[in-house]
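Undergrad: Mind looking over this structure? Questions follow.
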Amino acid sequence: MRGPEAHEIADAVKPAAADIVITKSKPSAFFGTPVASMLPTRLDTVVVTGMVTSGCVRATVIDASPTTYR
């Protein structure tokens, strides 16, 4: 896809009103965000989506490993 629609969140994974949405500025969603402190107490599932699996998605999934954040 090209154009603005290429950057839209697909309906299948679009956040609901009650979902927590974190805006990140680095490849991993954990860097410079409160995500790591939220996982043990507030979340039981992490859904990671993105446009480049080998970049941001990979960095976030690696950092989401229980051995990384606990």
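Ligands are numbered from 1 in the order shown, residues from 1 within each chain, and chains are lettered A, B, ... in the order they appear in the structure tokens.
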So that I can check the surroundings of A:Val46, please list as a compact mmCIF listing (two decimals) with all heavy atoms, in the first residue's frame every protein, DNA and RNA residue that reaches within 9 Å of it, counting only C-alpha atoms and ignoring chain neighbours fewer than 6 positions away.

TA:
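Heads up, here's the output in out-v9.txt:
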# COMPACT_ATOMS: atom_id res chain seq x y z
N LEU A 39 3.85 -3.92 32.64
CA LEU A 39 3.64 -5.33 32.30
C LEU A 39 3.38 -6.25 33.49
O LEU A 39 2.43 -7.01 33.45
CB LEU A 39 4.81 -5.86 31.47
CG LEU A 39 4.81 -5.42 30.02
CD1 LEU A 39 6.06 -5.93 29.33
CD2 LEU A 39 3.58 -5.90 29.29
N VAL A 61 9.55 -7.00 20.80
CA VAL A 61 9.29 -8.38 21.23
C VAL A 61 10.44 -8.90 22.09
O VAL A 61 10.21 -9.55 23.11
CB VAL A 61 9.04 -9.28 20.00
CG1 VAL A 61 9.04 -10.75 20.39
CG2 VAL A 61 7.71 -8.90 19.34
N ALA A 64 10.10 -7.46 25.39
CA ALA A 64 8.91 -7.94 26.10
C ALA A 64 9.13 -9.29 26.77
O ALA A 64 8.31 -9.72 27.57
CB ALA A 64 7.74 -8.06 25.12

Undergrad: Which polymer residues have any atom within 8 Å of an atom of A:Phe30, counting only C-alpha atoms, with same-chain residues fewer than 4 positions away left out, as a ChimeraX atom specification?

TA: /A:34-36,60,63-64

Undergrad: Which is closer to A:Ala29 than all the others in A:Cys56, A:Thr45, A:Ala10, A:Met51, using only C-alpha atoms?

TA: A:Cys56

Undergrad: What parts of chain A does DSSP call alpha helix (DSSP H)? I'd like the answer as a list in words.

TA: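 Reading the DSSP output for chain A, alpha helix (DSSP H) covers Val35, Ala36, Ser37, Met38, Leu39, Pro40, Thr41, Arg42, Arg58, Ala59, Thr60, Val61, Ile62, Asp63, Ala64, Pro66, Thr67, Thr68 and Tyr69 of chain A.
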
Undergrad: Measuring between only C-alpha atoms, which one of A:Ile9, A:Val57, A:Pro4, A:Val48 shows the shortest distance to A:Ser28?

TA: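 Closest candidate: A:Val57.
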
Undergrad: For atom CA of A:His7 and atom CA of A:Gly50, quote the distance in Å rounded to one decimal.

TA: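 Going from atom CA of A:His7 over to atom CA of A:Gly50, I get 9.5 Å.
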
Undergrad: Set the distance at 8 Å and use only C-alpha atoms: which residues neighbour A:Thr33 once local chain neighbours fewer than 5 positions away are removed? I'd like the list as a ChimeraX atom specification.

TA: /A:22-24

Undergrad: Keeping N, CA and C atoms, export the residues of the selection given above as a PDB file, in the first residue's frame.

TA:
ATOM      1  N   ILE A  22       0.552   3.521  23.866  1.00  0.00           N
ATOM      2  CA  ILE A  22       1.820   4.170  24.182  1.00  0.00           C
ATOM      3  C   ILE A  22       2.439   4.685  22.890  1.00  0.00           C
ATOM      4  N   THR A  23       2.853   5.929  22.872  1.00  0.00           N
ATOM      5  CA  THR A  23       3.565   6.492  21.729  1.00  0.00           C
ATOM      6  C   THR A  23       5.053   6.364  22.005  1.00  0.00           C
ATOM      7  N   LYS A  24       5.772   5.799  21.065  1.00  0.00           N
ATOM      8  CA  LYS A  24       7.206   5.578  21.270  1.00  0.00           C
ATOM      9  C   LYS A  24       8.023   6.428  20.308  1.00  0.00           C
TER      10      LYS A  24
END
